[in-house]
Amino acid sequence: MSTKELYTKGARVWIKDPQTVWKPAIVSTDFDGKSLPVEDEDGNAQTISIKEDADLPPLRNPEILIGENDLTSMSYLHEPAVLHNLAVRFVDKNEIYTYCGIVLVAINPYYDLQIYNNDTIMAYRGQNMGDLDPHIYAVSEEAFKLMERDGVNQSIIVSGESGAGKTVSAKYSMRYFASVGGTGETETQVERRVMASSPIVEAIGNAKTTRNDNSSRFGKYIEIDFSKSFHIIGASMRTYLLEKSRVVFQANDERNYHIFYQMCAAKEEKELLGLSLRESDDFIYTNQGNNHNIDNVDDVKEFGKTHEALKLLGFKDGDVRSIYKIMAAILHLGNVTISPGSGRGDSETSTVRAEDASLPVVASLLEVDEKLLRQWLCNKKVVARNDSYITPLKAAEASQARDALAKCIYSNLFDWIVFQINKALKTSHKVNKFIGVLDIYGFETFDVNSFEQFCINYANEKLQQQFNQHVFKLEQEEYVKEEIEWKMIDYYDNQPCIDLIESKLGVLALLDEECRMPKGSDKSWVDKLYDKCKNWEHFSKPRLSQTAFLVRHFADKVEYECDGFLHKNRDTVMEEQVVILKASKNKLVSNLFISEGPDTLGAPPARGGKLPPPSAAGNKKAHKKTVGSQFRDSLNLLMDNLNSTNPHYVRCIKPNDAKQAFMFDNARAVQQLRACGVLETVRISAAGYPSRWTYQDFYVRYRVLCHSKDVKQGDYRKTCENIVARLIPDPDKYQFGKNKLFFRAGQVAYMEKLRSDKLKACGIMIQKNVKMWLYRKKYLRIQAATGTIQRWVRGHMARRKVTDIRRNKAAVKMQAVVRGWLQLKRYQKMRKLAIGLQAQIRAWRARREYGEMRRNKAALTIQTRVRGWLQRKRYQNSLRMIVMAQSAVRRHFAKKELKKLKIEAKSVTHQRELNKGLENKIISLQQRLTEAKEESKSLRSKVEKGAELSGELVKFKKSEEESKIKGFNIKELEEELRSVQAELAHERDEKVDLVTEKVRSEEEWANAQVVHKEEIGKLKEELENSKKLVESSSQIDPEQVSRLEREKTAIHQEYEQERIAYQKLLKDFNRLEIANENLQDEVNVLRGGNKHNRTISNVSMTSSIMGEEDMNLKVEEESAYGSVFGRSSLRDRQVESLAVFPESGQQDVGLMMKLQGALKDALREKEALEKKVEDIENSVAGAERQSAEIQKLQELEIENGKLREDMGRLRTTVANLGTEEAGENEAAREMADQFEAMQEELDRRRAECLQLKT
């Protein structure tokens, strides 16, 4: 489809406008080939005459592409589209950054945006360019990432006119490198020094202009050096073309360099005392602009920052003091008044009057001879062959020489400070890679353009050439990467303009030649230009001027006025004045002129660049380079350095001259876009295939335009080929790459038009059918409603007529009855009123008299009561206030406690919800763990028992001899023991069911005791089985399930309370265990006195201790869940331990042996019963088994209660034994009380568990 076919009625175009440059319009009628009628947004119609395709107005992009963050993604790439997209992003969205291919366009917002903090730096760290919104950090991250990944040096070129924000962009870029290239979370000394160089350079190199409050009056290139681990290890700086003329002259509403105003504002600081500083209005070099203040800038604070930066960079205190003295001397030098000679014939002479107060201050600050300085400010030395003589200077010439001296001093001091900064930032380590940041002036054109503008525009010509070549190269690489066919793109080559400036017979060469001429002048130089350069295409002569020349740069044609070119290019200072400064007693002043020149005072040579050839020995004057030659050589070195790196471009735009926040002036913006090369980038992109879509994105967007036969499932490329081939017949308008689909300019807009037309037609069809259905439905509803209304109205009228007939008949009857009733009622009412009135009057009189008497009496009572009430009220109010204060305080602490409890409740509830499904599994796993630990404990106890038995065996052998000697005593003790055992067996037969076996004579009672033990174990096992049955039945029964769900929350709360109480009991139990061990130790000591029963007691104690350890392990593991097994084991262990306390002599042996034997038998039978119960449970049916178990459980509970009572009596009996040993008896009773308390707690919790489960 040709471009002309797009100019149909309703097409949106751009037309030129003198105020806004471009304004939107709409085509009124289709293009007829000769003219195009359009109408703008204000309704103004006009007709555009079309003689060729270039006269057609640019088409506007679809709305979907307006506000894109990359200008090259738009369908139509031309000047109005770029300008409108930037305005929309800047004004409507407040977005200051926009991509234009590889270029980042940055618009100065004149507003402090919070988008440069550390969080933003971390957000862009590691991101690819284009993943996030455009930002200076994105460009910096791209440069840093390519340096890390590819090992190639990088450079960031920041350009733009004054006030566009170049310095700020370069500063934020260096801040990013200092953050991501640091060695840790905090800045190191190197990074701080790199950032500290900015305040110093801004103070001595930036000034306020009419366009910018902080304009850089020089170009600078900063290289940040990185180690192999890509940490910052150093930096270096090179400067270009400092604006020295600003030192002695400022235009209206402008300022000199910031450092002068900072020193004048901070003249009372101790660092500046003795420099004779005054207000800035008192110095000629600082008061010419008539406006020495900057909004929102405090010069005193800025001086403090500059001074701190000097200290941080390692400047010595003496050097800092010398810097301030030289700066102050320059200010005072400007106040030196040079007057014409006063005598006859002295018009050609000049003098500095003796009463001039500034000259002595200058000589004192510079530490030079005042007399010589006074002489050579007004005279010069002329050398003629072998003779020399002194000639006076005119007043104007002397003033120029004074100003030249001030400029030279400032320039050399500037170069020296930069040199010292480079020394401070220089690293001794090996530099791996570097990133360069170039902050350089943009293209400039004024009403009067001089040597400075010529050099600036020359530098921009070189940068633009490098930029064009790089953009062109990247554009072609994209096509090669996608493997598409392409033709060579023609782009603007500004090499002829560069040749005009720097060739052998170019502008700079002729300027240098004229400077070497003894009587060279600006007029003779410009005449040579007219003669030698007239054949150059980019050079021309103005029609109305004989002292100017025109150069057609890439951005615009600029007229340069030749006045001052030779003087600025020579940049000469009288040699006699330089000799005076060289002889200065101030070391810094002397060094500035002894080592004069950029080769020694500037930065080190560029990496990868070519060094200029060294000067041959001879006359220094003859070989001194001009400013233009120095600038050309340094610029060539810069270009060589940039060509050796991978460049990144930032183009800064100044949106308006009024410095208003987020105000966009189209005329100013388009002028800068043309000058900074953005439109050239757009033109190169438009010459190829500017619109690029991935196959998937294209299919998702334009699948409404394809037929079902065009779609190939899973193959987006084939589908897109079918769509494009059917809609765009010209194959030159598109190309299919490996991953992308490329379109010529305008094709995406054409696809958007087809898509919108298709969607519009579909919308009309849908609307037509929907409206038909709605109106038909409405008609049928009205028709049905009309019939219904008619039927109801007719019935209503008939019913109303019948009702009227009935009402009339009933009314006659009602009137008769009502009239009679009314008369009767009226009589009765009158009679009742009369009687009532009489009664009321009589009663009122009686009540009045009675009330009067009662009132008098009540008055006294009320007075007493009121006075008492007031006193009580006062007391109650005081009490209430006290209570309220107490309540407020208690409420405050209660709220804090409630908040803490809520937080704990939430965390616990959440933990319960997470662990809800794992409770049963955790319990089962913990039981397995408990069994494993029990086995481990048992094995460990056996090992320990073996060790103890071996030790006891040795003791037995030693005591064997003694036992033989005391055999007789042993027999008596054995008889005594048998009698005691018989007595204990008798008591056990009456009171205790836990004692198992007696001597053979009491075998029946022992069997009964065994039965009781078995029943206890069986009771425990059946209790656990009953619990399991209840749980299993509750899972099957839906009513039980629903009831358990309702009570779930309450159970969890009670469980927490129970857990806390149980933990407390567990602590008490541990304390009792310790007491138990202490008592056992005392028992062991008592046993040691009797050799006869040591062996048996020790064995008993070993098994007892082993039992305690095993049971303690079970209690500790199962205490968190409150298992029945843990509680029963605890009770058994305490019974076993109780059997030890009352031991005294021979009675302890028998009781302990029998209790231990009973417990072991009970455990063995318990295990057998557990297996038996499991077999029974597997065979019994669900419902019958549950009812039988419940009944059996109740019987067992009754028997268990009896057993507990018998067990209590047994404990009482055991505790009462040994009345002779008072200490042991008291300990046993205390242990018994503790056991009863724990048993009651166990019963209570078991009852609660049964209640919850049933």
# chains A, B, ... in the order shown; residues from 1 in each chain; ligands from 1
call {"tool": "residues_around", "arguments": {"residues": "Thr337 in chain A", "least_positions_apart": "2", "cutoff": "9 Å", "atoms": "only C-alpha atoms", "output": "list in words"}}
result
Leu333, Gly334, Asn335, Ser339, Thr351, Val352, Arg353, Asp356, Ser358, Leu359 and Ser399 of chain A
call {"tool": "closest_residue", "arguments": {"among": "A:Glu482, A:Asp633, A:Glu752, A:Glu983", "to": "Phe736 in chain A", "atoms": "only C-alpha atoms"}}
result
A:Glu482
call {"tool": "select_by_dssp", "arguments": {"residues": "range 149-369 of chain A", "states": "strand (DSSP E)", "output": "PyMOL selection string"}}
result
chain A and resi 154-160+206-207+215-216+219-226+232-240+339-340+350-351
call {"tool": "closest_residue", "arguments": {"among": "A:Gln828, A:Ser197, A:Asn412, A:Asn252", "to": "Leu310 in chain A", "atoms": "only C-alpha atoms"}}
result
A:Ser197
call {"tool": "residues_around", "arguments": {"residues": "range 451-453 of chain A", "least_positions_apart": "3", "cutoff": "8 Å", "atoms": "only C-alpha atoms", "output": "list in words"}}
result
Glu243, Glu444, Thr445, Ile456, Asn457, Tyr560, Cys562, Gly564, Phe565, Lys568 and Asn569 of chain A
